[in-house]
$ cat coords.cif   # mmCIF, N, CA and C atoms
data_input
loop_
_atom_site.label_atom_id
_atom_site.label_comp_id
_atom_site.auth_asym_id
_atom_site.auth_seq_id
_atom_site.Cartn_x
_atom_site.Cartn_y
_atom_site.Cartn_z
N MET U 1 0.85 -1.18 0.00
CA MET U 1 0.00 0.00 0.00
C MET U 1 0.89 1.24 0.00
N SER U 2 0.52 2.23 -0.79
CA SER U 2 1.34 3.44 -0.91
C SER U 2 1.20 4.31 0.34
N VAL U 3 2.19 5.17 0.53
CA VAL U 3 2.19 6.09 1.67
C VAL U 3 1.05 7.08 1.55
N ILE U 4 0.77 7.52 0.33
CA ILE U 4 -0.32 8.47 0.08
C ILE U 4 -1.54 7.66 -0.34
N GLU U 5 -2.57 7.72 0.45
CA GLU U 5 -3.78 7.00 0.12
C GLU U 5 -4.69 7.91 -0.68
N GLU U 6 -5.06 7.49 -1.86
CA GLU U 6 -5.87 8.30 -2.76
C GLU U 6 -7.33 8.25 -2.34
N THR U 7 -7.98 9.40 -2.36
CA THR U 7 -9.40 9.48 -2.09
C THR U 7 -10.13 8.89 -3.29
N ARG U 8 -11.09 8.07 -3.03
CA ARG U 8 -11.87 7.47 -4.11
C ARG U 8 -13.34 7.78 -3.89
N LEU U 9 -13.88 8.63 -4.72
CA LEU U 9 -15.29 8.99 -4.67
C LEU U 9 -16.09 8.03 -5.52
N THR U 10 -17.32 7.80 -5.15
CA THR U 10 -18.23 7.07 -6.02
C THR U 10 -18.94 8.09 -6.91
N VAL U 11 -19.53 7.62 -7.97
CA VAL U 11 -20.30 8.50 -8.86
C VAL U 11 -21.45 9.12 -8.08
N GLU U 12 -22.10 8.34 -7.23
CA GLU U 12 -23.22 8.87 -6.44
C GLU U 12 -22.75 9.97 -5.49
N GLU U 13 -21.62 9.79 -4.82
CA GLU U 13 -21.09 10.84 -3.95
C GLU U 13 -20.76 12.09 -4.76
N ALA U 14 -20.17 11.90 -5.93
CA ALA U 14 -19.82 13.04 -6.79
C ALA U 14 -21.07 13.79 -7.23
N ARG U 15 -22.13 13.08 -7.56
CA ARG U 15 -23.39 13.74 -7.94
C ARG U 15 -23.94 14.58 -6.78
N LYS U 16 -23.89 14.05 -5.57
CA LYS U 16 -24.38 14.78 -4.40
C LYS U 16 -23.54 16.02 -4.12
N ILE U 17 -22.22 15.90 -4.29
CA ILE U 17 -21.33 17.03 -4.02
C ILE U 17 -21.52 18.14 -5.05
N THR U 18 -21.67 17.78 -6.33
CA THR U 18 -21.79 18.78 -7.39
C THR U 18 -23.21 19.32 -7.57
N ALA U 19 -24.21 18.60 -7.08
CA ALA U 19 -25.61 18.97 -7.33
C ALA U 19 -25.96 20.41 -6.93
N PRO U 20 -25.54 20.90 -5.75
CA PRO U 20 -25.92 22.28 -5.41
C PRO U 20 -25.33 23.32 -6.37
N LEU U 21 -24.13 23.08 -6.90
CA LEU U 21 -23.54 24.02 -7.85
C LEU U 21 -24.39 24.08 -9.12
N TYR U 22 -24.77 22.91 -9.65
CA TYR U 22 -25.59 22.92 -10.87
C TYR U 22 -27.00 23.41 -10.59
N ASP U 23 -27.52 23.17 -9.39
CA ASP U 23 -28.82 23.72 -9.02
C ASP U 23 -28.77 25.25 -9.07
N ALA U 24 -27.65 25.82 -8.60
CA ALA U 24 -27.49 27.28 -8.61
C ALA U 24 -27.47 27.84 -10.03
N LEU U 25 -27.07 27.04 -11.01
CA LEU U 25 -27.01 27.48 -12.40
C LEU U 25 -28.35 27.36 -13.13
N ASN U 26 -29.31 26.68 -12.55
CA ASN U 26 -30.62 26.52 -13.16
C ASN U 26 -31.56 27.59 -12.63
N ARG U 27 -31.90 28.54 -13.53
CA ARG U 27 -32.75 29.67 -13.15
C ARG U 27 -32.21 30.38 -11.91
N PRO U 28 -30.97 30.86 -11.99
CA PRO U 28 -30.32 31.43 -10.80
C PRO U 28 -31.03 32.63 -10.19
N ALA U 29 -31.85 33.34 -10.95
CA ALA U 29 -32.57 34.49 -10.39
C ALA U 29 -33.59 34.05 -9.35
N GLU U 30 -33.96 32.77 -9.39
CA GLU U 30 -34.97 32.23 -8.47
C GLU U 30 -34.36 31.51 -7.27
N LYS U 31 -33.02 31.52 -7.14
CA LYS U 31 -32.35 30.71 -6.13
C LYS U 31 -31.53 31.55 -5.17
N ASP U 32 -31.21 30.95 -4.03
CA ASP U 32 -30.23 31.52 -3.11
C ASP U 32 -28.88 30.96 -3.55
N VAL U 33 -28.30 31.60 -4.55
CA VAL U 33 -27.06 31.12 -5.17
C VAL U 33 -25.94 31.04 -4.15
N ALA U 34 -25.82 32.02 -3.29
CA ALA U 34 -24.74 32.01 -2.29
C ALA U 34 -24.84 30.79 -1.39
N ALA U 35 -26.03 30.46 -0.93
CA ALA U 35 -26.21 29.29 -0.05
C ALA U 35 -25.91 28.00 -0.78
N LEU U 36 -26.33 27.91 -2.02
CA LEU U 36 -26.06 26.68 -2.79
C LEU U 36 -24.57 26.50 -3.05
N LEU U 37 -23.89 27.58 -3.40
CA LEU U 37 -22.44 27.45 -3.63
C LEU U 37 -21.69 27.19 -2.32
N ALA U 38 -22.17 27.73 -1.21
CA ALA U 38 -21.54 27.45 0.09
C ALA U 38 -21.71 25.98 0.45
N LYS U 39 -22.82 25.40 0.07
CA LYS U 39 -23.06 23.98 0.33
C LYS U 39 -22.13 23.10 -0.50
N ALA U 40 -21.87 23.51 -1.74
CA ALA U 40 -21.08 22.69 -2.66
C ALA U 40 -19.59 22.94 -2.56
N CYS U 41 -19.18 24.17 -2.28
CA CYS U 41 -17.79 24.58 -2.46
C CYS U 41 -17.16 25.07 -1.15
N HIS U 42 -15.89 24.75 -0.99
CA HIS U 42 -15.13 25.29 0.13
C HIS U 42 -15.06 26.81 0.03
N GLU U 43 -14.84 27.46 1.15
CA GLU U 43 -14.72 28.92 1.18
C GLU U 43 -13.58 29.41 0.29
N ASP U 44 -12.50 28.61 0.18
CA ASP U 44 -11.35 28.99 -0.64
C ASP U 44 -11.41 28.39 -2.05
N TYR U 45 -12.61 28.04 -2.50
CA TYR U 45 -12.83 27.47 -3.83
C TYR U 45 -12.23 28.36 -4.92
N GLN U 46 -11.65 27.71 -5.92
CA GLN U 46 -11.08 28.42 -7.06
C GLN U 46 -11.66 27.84 -8.34
N SER U 47 -12.32 28.68 -9.13
CA SER U 47 -12.93 28.29 -10.39
C SER U 47 -12.13 28.90 -11.53
N TYR U 48 -11.27 28.10 -12.13
CA TYR U 48 -10.35 28.58 -13.16
C TYR U 48 -11.05 28.70 -14.51
N HIS U 49 -10.86 29.85 -15.14
CA HIS U 49 -11.37 30.05 -16.50
C HIS U 49 -10.21 30.22 -17.48
N THR U 50 -8.98 30.31 -16.98
CA THR U 50 -7.77 30.15 -17.78
C THR U 50 -6.83 29.30 -16.92
N ASN U 51 -5.65 29.02 -17.40
CA ASN U 51 -4.72 28.22 -16.61
C ASN U 51 -4.25 28.92 -15.35
N GLN U 52 -4.30 30.27 -15.34
CA GLN U 52 -3.83 31.02 -14.17
C GLN U 52 -4.93 31.79 -13.45
N ASP U 53 -5.96 32.20 -14.16
CA ASP U 53 -6.97 33.10 -13.61
C ASP U 53 -8.18 32.32 -13.11
N TYR U 54 -8.61 32.68 -11.91
CA TYR U 54 -9.76 32.00 -11.33
C TYR U 54 -10.67 33.00 -10.63
N LEU U 55 -11.89 32.53 -10.40
CA LEU U 55 -12.86 33.28 -9.61
C LEU U 55 -13.00 32.58 -8.26
N THR U 56 -13.17 33.38 -7.21
CA THR U 56 -13.44 32.82 -5.90
C THR U 56 -14.90 32.39 -5.83
N ARG U 57 -15.25 31.72 -4.76
CA ARG U 57 -16.65 31.31 -4.58
C ARG U 57 -17.55 32.53 -4.57
N ASP U 58 -17.17 33.59 -3.85
CA ASP U 58 -17.99 34.80 -3.79
C ASP U 58 -18.11 35.48 -5.15
N GLN U 59 -17.03 35.51 -5.91
CA GLN U 59 -17.08 36.10 -7.26
C GLN U 59 -17.99 35.27 -8.16
N LEU U 60 -17.95 33.96 -8.00
CA LEU U 60 -18.80 33.08 -8.81
C LEU U 60 -20.27 33.31 -8.49
N VAL U 61 -20.57 33.56 -7.22
CA VAL U 61 -21.95 33.90 -6.84
C VAL U 61 -22.41 35.10 -7.66
N GLY U 62 -21.58 36.12 -7.75
CA GLY U 62 -21.93 37.31 -8.52
C GLY U 62 -22.16 37.02 -9.99
N VAL U 63 -21.33 36.16 -10.57
CA VAL U 63 -21.49 35.79 -11.99
C VAL U 63 -22.82 35.08 -12.19
N PHE U 64 -23.11 34.10 -11.35
CA PHE U 64 -24.38 33.35 -11.48
C PHE U 64 -25.56 34.30 -11.31
N GLN U 65 -25.50 35.17 -10.31
CA GLN U 65 -26.60 36.10 -10.05
C GLN U 65 -26.80 37.07 -11.20
N SER U 66 -25.71 37.49 -11.84
CA SER U 66 -25.84 38.43 -12.96
C SER U 66 -26.44 37.75 -14.19
N MET U 67 -26.25 36.45 -14.34
CA MET U 67 -26.82 35.74 -15.48
C MET U 67 -28.32 35.52 -15.33
N GLY U 68 -28.80 35.43 -14.08
CA GLY U 68 -30.21 35.12 -13.84
C GLY U 68 -31.20 36.03 -14.54
N PRO U 69 -31.10 37.35 -14.38
CA PRO U 69 -32.07 38.23 -15.04
C PRO U 69 -31.90 38.28 -16.56
N ILE U 70 -30.68 38.04 -17.03
CA ILE U 70 -30.41 38.10 -18.47
C ILE U 70 -30.93 36.84 -19.17
N ILE U 71 -30.79 35.69 -18.51
CA ILE U 71 -31.23 34.41 -19.08
C ILE U 71 -32.14 33.74 -18.05
N PRO U 72 -33.39 34.20 -17.92
CA PRO U 72 -34.25 33.69 -16.86
C PRO U 72 -34.55 32.20 -16.96
N ASP U 73 -34.47 31.63 -18.17
CA ASP U 73 -34.74 30.20 -18.32
C ASP U 73 -33.46 29.36 -18.40
N LEU U 74 -32.34 29.91 -17.93
CA LEU U 74 -31.07 29.20 -18.00
C LEU U 74 -31.21 27.81 -17.38
N LYS U 75 -30.77 26.82 -18.14
CA LYS U 75 -30.83 25.43 -17.68
C LYS U 75 -29.46 24.82 -17.90
N TRP U 76 -28.94 24.17 -16.88
CA TRP U 76 -27.63 23.54 -16.94
C TRP U 76 -27.81 22.09 -16.53
N GLU U 77 -27.66 21.17 -17.49
CA GLU U 77 -27.86 19.75 -17.23
C GLU U 77 -26.54 19.01 -17.20
N VAL U 78 -26.45 18.04 -16.31
CA VAL U 78 -25.31 17.14 -16.29
C VAL U 78 -25.63 16.02 -17.26
N GLU U 79 -24.88 15.96 -18.35
CA GLU U 79 -25.09 14.93 -19.37
C GLU U 79 -24.30 13.65 -19.04
N ASP U 80 -23.12 13.83 -18.44
CA ASP U 80 -22.28 12.69 -18.11
C ASP U 80 -21.38 13.09 -16.95
N LEU U 81 -21.06 12.15 -16.09
CA LEU U 81 -20.20 12.43 -14.94
C LEU U 81 -19.28 11.23 -14.73
N LYS U 82 -18.01 11.50 -14.60
CA LYS U 82 -17.00 10.46 -14.37
C LYS U 82 -16.20 10.83 -13.13
N VAL U 83 -15.70 9.83 -12.42
CA VAL U 83 -14.89 10.04 -11.23
C VAL U 83 -13.57 9.30 -11.38
N VAL U 84 -12.49 10.01 -11.08
CA VAL U 84 -11.15 9.42 -11.05
C VAL U 84 -10.51 9.90 -9.75
N GLY U 85 -10.40 9.01 -8.77
CA GLY U 85 -9.84 9.41 -7.48
C GLY U 85 -10.66 10.51 -6.84
N ASP U 86 -10.05 11.68 -6.61
CA ASP U 86 -10.76 12.83 -6.03
C ASP U 86 -11.16 13.85 -7.09
N THR U 87 -11.13 13.43 -8.36
CA THR U 87 -11.47 14.30 -9.48
C THR U 87 -12.82 13.90 -10.06
N VAL U 88 -13.66 14.91 -10.30
CA VAL U 88 -14.97 14.70 -10.91
C VAL U 88 -14.98 15.44 -12.24
N ILE U 89 -15.32 14.73 -13.30
CA ILE U 89 -15.37 15.30 -14.64
C ILE U 89 -16.84 15.30 -15.08
N VAL U 90 -17.32 16.49 -15.44
CA VAL U 90 -18.73 16.63 -15.82
C VAL U 90 -18.81 17.19 -17.24
N ARG U 91 -19.57 16.50 -18.07
CA ARG U 91 -19.94 17.05 -19.37
C ARG U 91 -21.35 17.58 -19.22
N GLY U 92 -21.49 18.88 -19.41
CA GLY U 92 -22.78 19.51 -19.20
C GLY U 92 -23.34 20.13 -20.45
N ARG U 93 -24.59 20.52 -20.34
CA ARG U 93 -25.30 21.17 -21.44
C ARG U 93 -26.00 22.40 -20.88
N ALA U 94 -25.73 23.54 -21.49
CA ALA U 94 -26.36 24.80 -21.07
C ALA U 94 -27.29 25.27 -22.18
N THR U 95 -28.50 25.64 -21.79
CA THR U 95 -29.48 26.17 -22.74
C THR U 95 -30.14 27.40 -22.12
N GLY U 96 -30.62 28.26 -22.98
CA GLY U 96 -31.35 29.42 -22.50
C GLY U 96 -31.63 30.42 -23.60
N THR U 97 -32.50 31.36 -23.26
CA THR U 97 -32.90 32.42 -24.19
C THR U 97 -32.71 33.76 -23.49
N PRO U 98 -31.67 34.50 -23.85
CA PRO U 98 -31.45 35.81 -23.21
C PRO U 98 -32.58 36.79 -23.53
N VAL U 99 -32.96 37.56 -22.52
CA VAL U 99 -33.99 38.58 -22.69
C VAL U 99 -33.39 39.99 -22.66
N ALA U 100 -32.07 40.03 -22.48
CA ALA U 100 -31.32 41.29 -22.50
C ALA U 100 -29.98 40.99 -23.16
N GLU U 101 -29.19 42.04 -23.41
CA GLU U 101 -27.89 41.84 -24.05
C GLU U 101 -27.06 40.85 -23.25
N PHE U 102 -26.49 39.88 -23.96
CA PHE U 102 -25.67 38.84 -23.34
C PHE U 102 -24.33 38.82 -24.05
N TRP U 103 -23.29 39.30 -23.39
CA TRP U 103 -21.93 39.34 -23.93
C TRP U 103 -21.88 39.91 -25.34
N GLY U 104 -22.59 41.03 -25.52
CA GLY U 104 -22.57 41.74 -26.79
C GLY U 104 -23.65 41.31 -27.77
N ALA U 105 -24.33 40.22 -27.48
CA ALA U 105 -25.41 39.77 -28.38
C ALA U 105 -26.73 40.36 -27.90
N PRO U 106 -27.40 41.12 -28.78
CA PRO U 106 -28.69 41.69 -28.37
C PRO U 106 -29.75 40.60 -28.26
N PRO U 107 -30.78 40.83 -27.47
CA PRO U 107 -31.84 39.82 -27.36
C PRO U 107 -32.61 39.74 -28.68
N THR U 108 -32.72 38.54 -29.20
CA THR U 108 -33.41 38.34 -30.49
C THR U 108 -34.55 37.34 -30.37
N GLY U 109 -34.71 36.75 -29.18
CA GLY U 109 -35.69 35.68 -29.02
C GLY U 109 -35.11 34.32 -29.34
N LYS U 110 -33.87 34.31 -29.87
CA LYS U 110 -33.22 33.03 -30.18
C LYS U 110 -32.59 32.45 -28.92
N SER U 111 -32.47 31.14 -28.90
CA SER U 111 -31.90 30.42 -27.77
C SER U 111 -30.53 29.87 -28.12
N PHE U 112 -29.80 29.47 -27.10
CA PHE U 112 -28.53 28.77 -27.31
C PHE U 112 -28.61 27.39 -26.67
N ASP U 113 -27.79 26.50 -27.18
CA ASP U 113 -27.67 25.13 -26.68
C ASP U 113 -26.20 24.77 -26.86
N THR U 114 -25.46 24.73 -25.75
CA THR U 114 -24.02 24.55 -25.86
C THR U 114 -23.50 23.57 -24.82
N MET U 115 -22.25 23.19 -25.00
CA MET U 115 -21.62 22.19 -24.15
C MET U 115 -20.64 22.83 -23.18
N ALA U 116 -20.45 22.19 -22.05
CA ALA U 116 -19.45 22.61 -21.06
C ALA U 116 -18.75 21.38 -20.49
N ILE U 117 -17.49 21.55 -20.16
CA ILE U 117 -16.72 20.50 -19.49
C ILE U 117 -16.18 21.11 -18.20
N ASP U 118 -16.44 20.46 -17.08
CA ASP U 118 -15.93 20.89 -15.78
C ASP U 118 -15.09 19.77 -15.19
N VAL U 119 -13.93 20.13 -14.66
CA VAL U 119 -13.06 19.17 -13.98
C VAL U 119 -12.86 19.70 -12.57
N PHE U 120 -13.46 19.01 -11.60
CA PHE U 120 -13.44 19.44 -10.21
C PHE U 120 -12.47 18.60 -9.39
N THR U 121 -11.85 19.22 -8.41
CA THR U 121 -11.10 18.51 -7.38
C THR U 121 -11.92 18.59 -6.10
N VAL U 122 -12.12 17.44 -5.46
CA VAL U 122 -12.90 17.37 -4.23
C VAL U 122 -11.94 17.21 -3.05
N ARG U 123 -12.22 17.99 -2.00
CA ARG U 123 -11.45 17.90 -0.76
C ARG U 123 -12.44 17.87 0.40
N ASP U 124 -12.34 16.86 1.23
CA ASP U 124 -13.21 16.75 2.42
C ASP U 124 -14.70 16.91 2.09
N GLY U 125 -15.13 16.28 1.02
CA GLY U 125 -16.55 16.25 0.69
C GLY U 125 -17.12 17.49 0.03
N LYS U 126 -16.26 18.45 -0.35
CA LYS U 126 -16.73 19.65 -1.06
C LYS U 126 -15.79 19.95 -2.22
N LEU U 127 -16.27 20.78 -3.12
CA LEU U 127 -15.46 21.19 -4.26
C LEU U 127 -14.38 22.17 -3.80
N ALA U 128 -13.14 21.90 -4.21
CA ALA U 128 -12.02 22.74 -3.83
C ALA U 128 -11.53 23.58 -5.00
N LYS U 129 -11.63 23.01 -6.20
CA LYS U 129 -11.07 23.68 -7.38
C LYS U 129 -11.82 23.17 -8.61
N ALA U 130 -11.89 24.03 -9.62
CA ALA U 130 -12.51 23.62 -10.89
C ALA U 130 -11.76 24.25 -12.05
N TYR U 131 -11.63 23.48 -13.09
CA TYR U 131 -11.19 23.99 -14.39
C TYR U 131 -12.36 23.72 -15.32
N HIS U 132 -12.74 24.73 -16.07
CA HIS U 132 -13.92 24.53 -16.90
C HIS U 132 -13.80 25.25 -18.23
N ILE U 133 -14.51 24.68 -19.19
CA ILE U 133 -14.60 25.26 -20.53
C ILE U 133 -16.06 25.20 -20.95
N GLU U 134 -16.59 26.36 -21.32
CA GLU U 134 -17.92 26.43 -21.92
C GLU U 134 -17.75 26.90 -23.36
N ASN U 135 -18.56 26.40 -24.23
CA ASN U 135 -18.47 26.77 -25.63
C ASN U 135 -19.35 27.99 -25.91
N TRP U 136 -18.96 29.13 -25.32
CA TRP U 136 -19.76 30.35 -25.47
C TRP U 136 -19.66 30.91 -26.89
N THR U 137 -18.60 30.61 -27.62
CA THR U 137 -18.50 31.08 -29.01
C THR U 137 -19.66 30.54 -29.83
N THR U 138 -19.90 29.25 -29.70
CA THR U 138 -21.02 28.64 -30.43
C THR U 138 -22.35 29.19 -29.94
N ALA U 139 -22.48 29.38 -28.63
CA ALA U 139 -23.73 29.93 -28.08
C ALA U 139 -24.01 31.31 -28.66
N LEU U 140 -22.99 32.15 -28.72
CA LEU U 140 -23.18 33.50 -29.26
C LEU U 140 -23.50 33.45 -30.76
N GLN U 141 -22.90 32.52 -31.49
CA GLN U 141 -23.22 32.36 -32.92
C GLN U 141 -24.69 31.96 -33.07
N GLN U 142 -25.17 31.09 -32.21
CA GLN U 142 -26.58 30.68 -32.27
C GLN U 142 -27.49 31.86 -32.01
N LEU U 143 -27.11 32.71 -31.07
CA LEU U 143 -27.95 33.88 -30.73
C LEU U 143 -27.97 34.91 -31.84
N LYS U 144 -26.84 35.06 -32.52
CA LYS U 144 -26.75 36.05 -33.59
C LYS U 144 -27.20 35.50 -34.94
N GLY U 145 -27.15 34.16 -35.07
CA GLY U 145 -27.40 33.45 -36.32
C GLY U 145 -28.65 33.78 -37.00
#
$ encode --input "coords.cif" --output "structure tokens"
Amino acid sequence: MSVIEETRLTVEEARKITAPLYDALNRPAEKDVAALLAKACHEDYQSYHTNQDYLTRDQLVGVFQSMGPIIPDLKWEVEDLKVVGDTVIVRGRATGTPVAEFWGAPPTGKSFDTMAIDVFTVRDGKLAKAYHIENWTTALQQLKG
């Protein structure tokens, strides 16, 4: 047996740990986003959007809350979830119809349907870190299309 014992999560445990974060992304204007992210993520959570740059848990709350009024029907589904040790990999699907300008795209009544990949590190039963990629380029093309 190795000196470092690797944490091994089950898929069910990973679903329970990540569920409040994805719940916060579904119609966030209707949710207590801060409470949901506090349930899912450590206080020192880091959500990387580049290799070096990340948002804190509190900053992420602001991002989710700002999206709520712009995309009131925002839906974020977990399409697939894999676990490797203490790492959770989620392939997600984001859909919605902006009712106000969204990242430079004016509201047109058109919807987007795009993919996201999240790679989470779990520590002591909560999310500690995430690296994620959302295909917002395709989403914006769909809105402008």
$ closest_residue --input "coords.cif" --among "U:Gln142, U:Gln59, U:Gln46, U:Thr97" --to "Ala130 (chain U)" --atoms "only C-alpha atoms"
U:Gln46
$ resolve_selection --input "coords.cif" --expression "the PyMOL selection byres ((chain U and resi 79) around 7)" --output "mmCIF file with N, CA and C atoms, in the frame of the given file"
data_model
loop_
_atom_site.group_PDB
_atom_site.id
_atom_site.type_symbol
_atom_site.label_atom_id
_atom_site.label_comp_id
_atom_site.auth_asym_id
_atom_site.auth_seq_id
_atom_site.Cartn_x
_atom_site.Cartn_y
_atom_site.Cartn_z
ATOM 1 N N GLU U 77 -27.660 21.170 -17.490
ATOM 2 C CA GLU U 77 -27.860 19.750 -17.230
ATOM 3 C C GLU U 77 -26.540 19.010 -17.200
ATOM 4 N N VAL U 78 -26.450 18.040 -16.310
ATOM 5 C CA VAL U 78 -25.310 17.140 -16.290
ATOM 6 C C VAL U 78 -25.630 16.020 -17.260
ATOM 7 N N ASP U 80 -23.120 13.830 -18.440
ATOM 8 C CA ASP U 80 -22.280 12.690 -18.110
ATOM 9 C C ASP U 80 -21.380 13.090 -16.950
ATOM 10 N N LEU U 81 -21.060 12.150 -16.090
ATOM 11 C CA LEU U 81 -20.200 12.430 -14.940
ATOM 12 C C LEU U 81 -19.280 11.230 -14.730
ATOM 13 N N VAL U 90 -17.320 16.490 -15.440
ATOM 14 C CA VAL U 90 -18.730 16.630 -15.820
ATOM 15 C C VAL U 90 -18.810 17.190 -17.240
ATOM 16 N N ARG U 91 -19.570 16.500 -18.070
ATOM 17 C CA ARG U 91 -19.940 17.050 -19.370
ATOM 18 C C ARG U 91 -21.350 17.580 -19.220
ATOM 19 N N GLY U 92 -21.490 18.880 -19.410
ATOM 20 C CA GLY U 92 -22.780 19.510 -19.200
ATOM 21 C C GLY U 92 -23.340 20.130 -20.450
ATOM 22 N N ARG U 93 -24.590 20.520 -20.340
ATOM 23 C CA ARG U 93 -25.300 21.170 -21.440
ATOM 24 C C ARG U 93 -26.000 22.400 -20.880
#
$ residues_around --input "coords.cif" --residues "Leu127 (chain U)" --least-positions-apart "5" --cutoff "8 Å" --atoms "all atoms listed in the file" --output "list in words"
Ile17, Thr18, Lys39, Ala40, Cys41, His42, Glu43, Asp44, Tyr45, Gln46, Phe120, Thr121 and Val122 of chain U
$ closest_residue --input "coords.cif" --among "U:Leu37, U:Asp73, U:Ser66, U:Arg8" --to "Val99 (chain U)" --atoms "only N, CA and C atoms"
U:Asp73
$ select_by_dssp --input "coords.cif" --residues "region 62-128 of chain U" --states "helix (DSSP H, G or I)" --output "PyMOL selection string"
chain U and resi 62-70
$ select_by_dssp --input "coords.cif" --residues "chain U" --states "strand (DSSP E)" --output "PyMOL selection string"
chain U and resi 41-48+54-56+75-84+87-96+112-123+126-134
$ axis_aligned_box --input "coords.cif" --around "region 69-83 of chain U" --padding-each-side "6 Å" --output "JSON"
{"center_x": -24.2, "center_y": 23.8, "center_z": -15.3, "size_x": 33.2, "size_y": 41.0, "size_z": 20.1}
$ closest_residue --input "coords.cif" --among "U:Thr137, U:Lys129, U:Asp86, U:Arg123" --to "Phe102 (chain U)" --atoms "only C-alpha atoms"
U:Thr137
$ residues_around --input "coords.cif" --residues "Ala24 (chain U)" --least-positions-apart "5" --cutoff "8 Å" --atoms "only C-alpha atoms" --output "PDB file with N, CA and C atoms, keeping the file's coordinate frame"
ATOM      1  N   LYS U  31     -33.020  31.520  -7.140  1.00  0.00           N
ATOM      2  CA  LYS U  31     -32.350  30.710  -6.130  1.00  0.00           C
ATOM      3  C   LYS U  31     -31.530  31.550  -5.170  1.00  0.00           C
ATOM      4  N   ASP U  32     -31.210  30.950  -4.030  1.00  0.00           N
ATOM      5  CA  ASP U  32     -30.230  31.520  -3.110  1.00  0.00           C
ATOM      6  C   ASP U  32     -28.880  30.960  -3.550  1.00  0.00           C
ATOM      7  N   VAL U  33     -28.300  31.600  -4.550  1.00  0.00           N
ATOM      8  CA  VAL U  33     -27.060  31.120  -5.170  1.00  0.00           C
ATOM      9  C   VAL U  33     -25.940  31.040  -4.150  1.00  0.00           C
ATOM     10  N   LEU U  36     -26.330  27.910  -2.020  1.00  0.00           N
ATOM     11  CA  LEU U  36     -26.060  26.680  -2.790  1.00  0.00           C
ATOM     12  C   LEU U  36     -24.570  26.500  -3.050  1.00  0.00           C
ATOM     13  N   LEU U  37     -23.890  27.580  -3.400  1.00  0.00           N
ATOM     14  CA  LEU U  37     -22.440  27.450  -3.630  1.00  0.00           C
ATOM     15  C   LEU U  37     -21.690  27.190  -2.320  1.00  0.00           C
ATOM     16  N   PHE U  64     -23.110  34.100 -11.350  1.00  0.00           N
ATOM     17  CA  PHE U  64     -24.380  33.350 -11.480  1.00  0.00           C
ATOM     18  C   PHE U  64     -25.560  34.300 -11.310  1.00  0.00           C
TER      19      PHE U  64
END
$ atom_distance --input "coords.cif" --atom1 "atom C of Asp113 (chain U)" --atom2 "atom C of Gly125 (chain U)"
29.3 Å
$ decode --input "coords.cif" --residues "region 65-75 of chain U" --atoms "N, CA, C and O atoms" --output "PDB file, in the first residue's frame"
ATOM      1  N   GLN U  65     -25.501  35.167 -10.309  1.00  0.00           N
ATOM      2  CA  GLN U  65     -26.605  36.095 -10.055  1.00  0.00           C
ATOM      3  C   GLN U  65     -26.796  37.073 -11.201  1.00  0.00           C
ATOM      4  O   GLN U  65     -27.926  37.441 -11.514  1.00  0.00           O
ATOM      5  N   SER U  66     -25.710  37.491 -11.838  1.00  0.00           N
ATOM      6  CA  SER U  66     -25.841  38.428 -12.960  1.00  0.00           C
ATOM      7  C   SER U  66     -26.444  37.753 -14.190  1.00  0.00           C
ATOM      8  O   SER U  66     -27.099  38.412 -14.994  1.00  0.00           O
ATOM      9  N   MET U  67     -26.250  36.455 -14.335  1.00  0.00           N
ATOM     10  CA  MET U  67     -26.816  35.736 -15.479  1.00  0.00           C
ATOM     11  C   MET U  67     -28.317  35.516 -15.331  1.00  0.00           C
ATOM     12  O   MET U  67     -29.037  35.426 -16.329  1.00  0.00           O
ATOM     13  N   GLY U  68     -28.799  35.429 -14.083  1.00  0.00           N
ATOM     14  CA  GLY U  68     -30.210  35.119 -13.837  1.00  0.00           C
ATOM     15  C   GLY U  68     -31.195  36.025 -14.538  1.00  0.00           C
ATOM     16  O   GLY U  68     -32.074  35.547 -15.257  1.00  0.00           O
ATOM     17  N   PRO U  69     -31.105  37.354 -14.376  1.00  0.00           N
ATOM     18  CA  PRO U  69     -32.074  38.232 -15.038  1.00  0.00           C
ATOM     19  C   PRO U  69     -31.896  38.281 -16.559  1.00  0.00           C
ATOM     20  O   PRO U  69     -32.843  38.546 -17.282  1.00  0.00           O
ATOM     21  N   ILE U  70     -30.684  38.040 -17.026  1.00  0.00           N
ATOM     22  CA  ILE U  70     -30.414  38.096 -18.471  1.00  0.00           C
ATOM     23  C   ILE U  70     -30.930  36.842 -19.174  1.00  0.00           C
ATOM     24  O   ILE U  70     -31.455  36.912 -20.290  1.00  0.00           O
ATOM     25  N   ILE U  71     -30.791  35.694 -18.506  1.00  0.00           N
ATOM     26  CA  ILE U  71     -31.234  34.413 -19.084  1.00  0.00           C
ATOM     27  C   ILE U  71     -32.143  33.740 -18.054  1.00  0.00           C
ATOM     28  O   ILE U  71     -31.733  32.808 -17.353  1.00  0.00           O
ATOM     29  N   PRO U  72     -33.389  34.205 -17.921  1.00  0.00           N
ATOM     30  CA  PRO U  72     -34.253  33.690 -16.856  1.00  0.00           C
ATOM     31  C   PRO U  72     -34.555  32.196 -16.956  1.00  0.00           C
ATOM     32  O   PRO U  72     -34.833  31.561 -15.943  1.00  0.00           O
ATOM     33  N   ASP U  73     -34.468  31.629 -18.166  1.00  0.00           N
ATOM     34  CA  ASP U  73     -34.740  30.200 -18.322  1.00  0.00           C
ATOM     35  C   ASP U  73     -33.459  29.363 -18.404  1.00  0.00           C
ATOM     36  O   ASP U  73     -33.485  28.222 -18.864  1.00  0.00           O
ATOM     37  N   LEU U  74     -32.336  29.914 -17.935  1.00  0.00           N
ATOM     38  CA  LEU U  74     -31.068  29.195 -17.999  1.00  0.00           C
ATOM     39  C   LEU U  74     -31.212  27.811 -17.383  1.00  0.00           C
ATOM     40  O   LEU U  74     -31.724  27.655 -16.275  1.00  0.00           O
ATOM     41  N   LYS U  75     -30.770  26.824 -18.139  1.00  0.00           N
ATOM     42  CA  LYS U  75     -30.833  25.433 -17.678  1.00  0.00           C
ATOM     43  C   LYS U  75     -29.458  24.815 -17.901  1.00  0.00           C
ATOM     44  O   LYS U  75     -28.885  24.944 -18.983  1.00  0.00           O
TER      45      LYS U  75
END
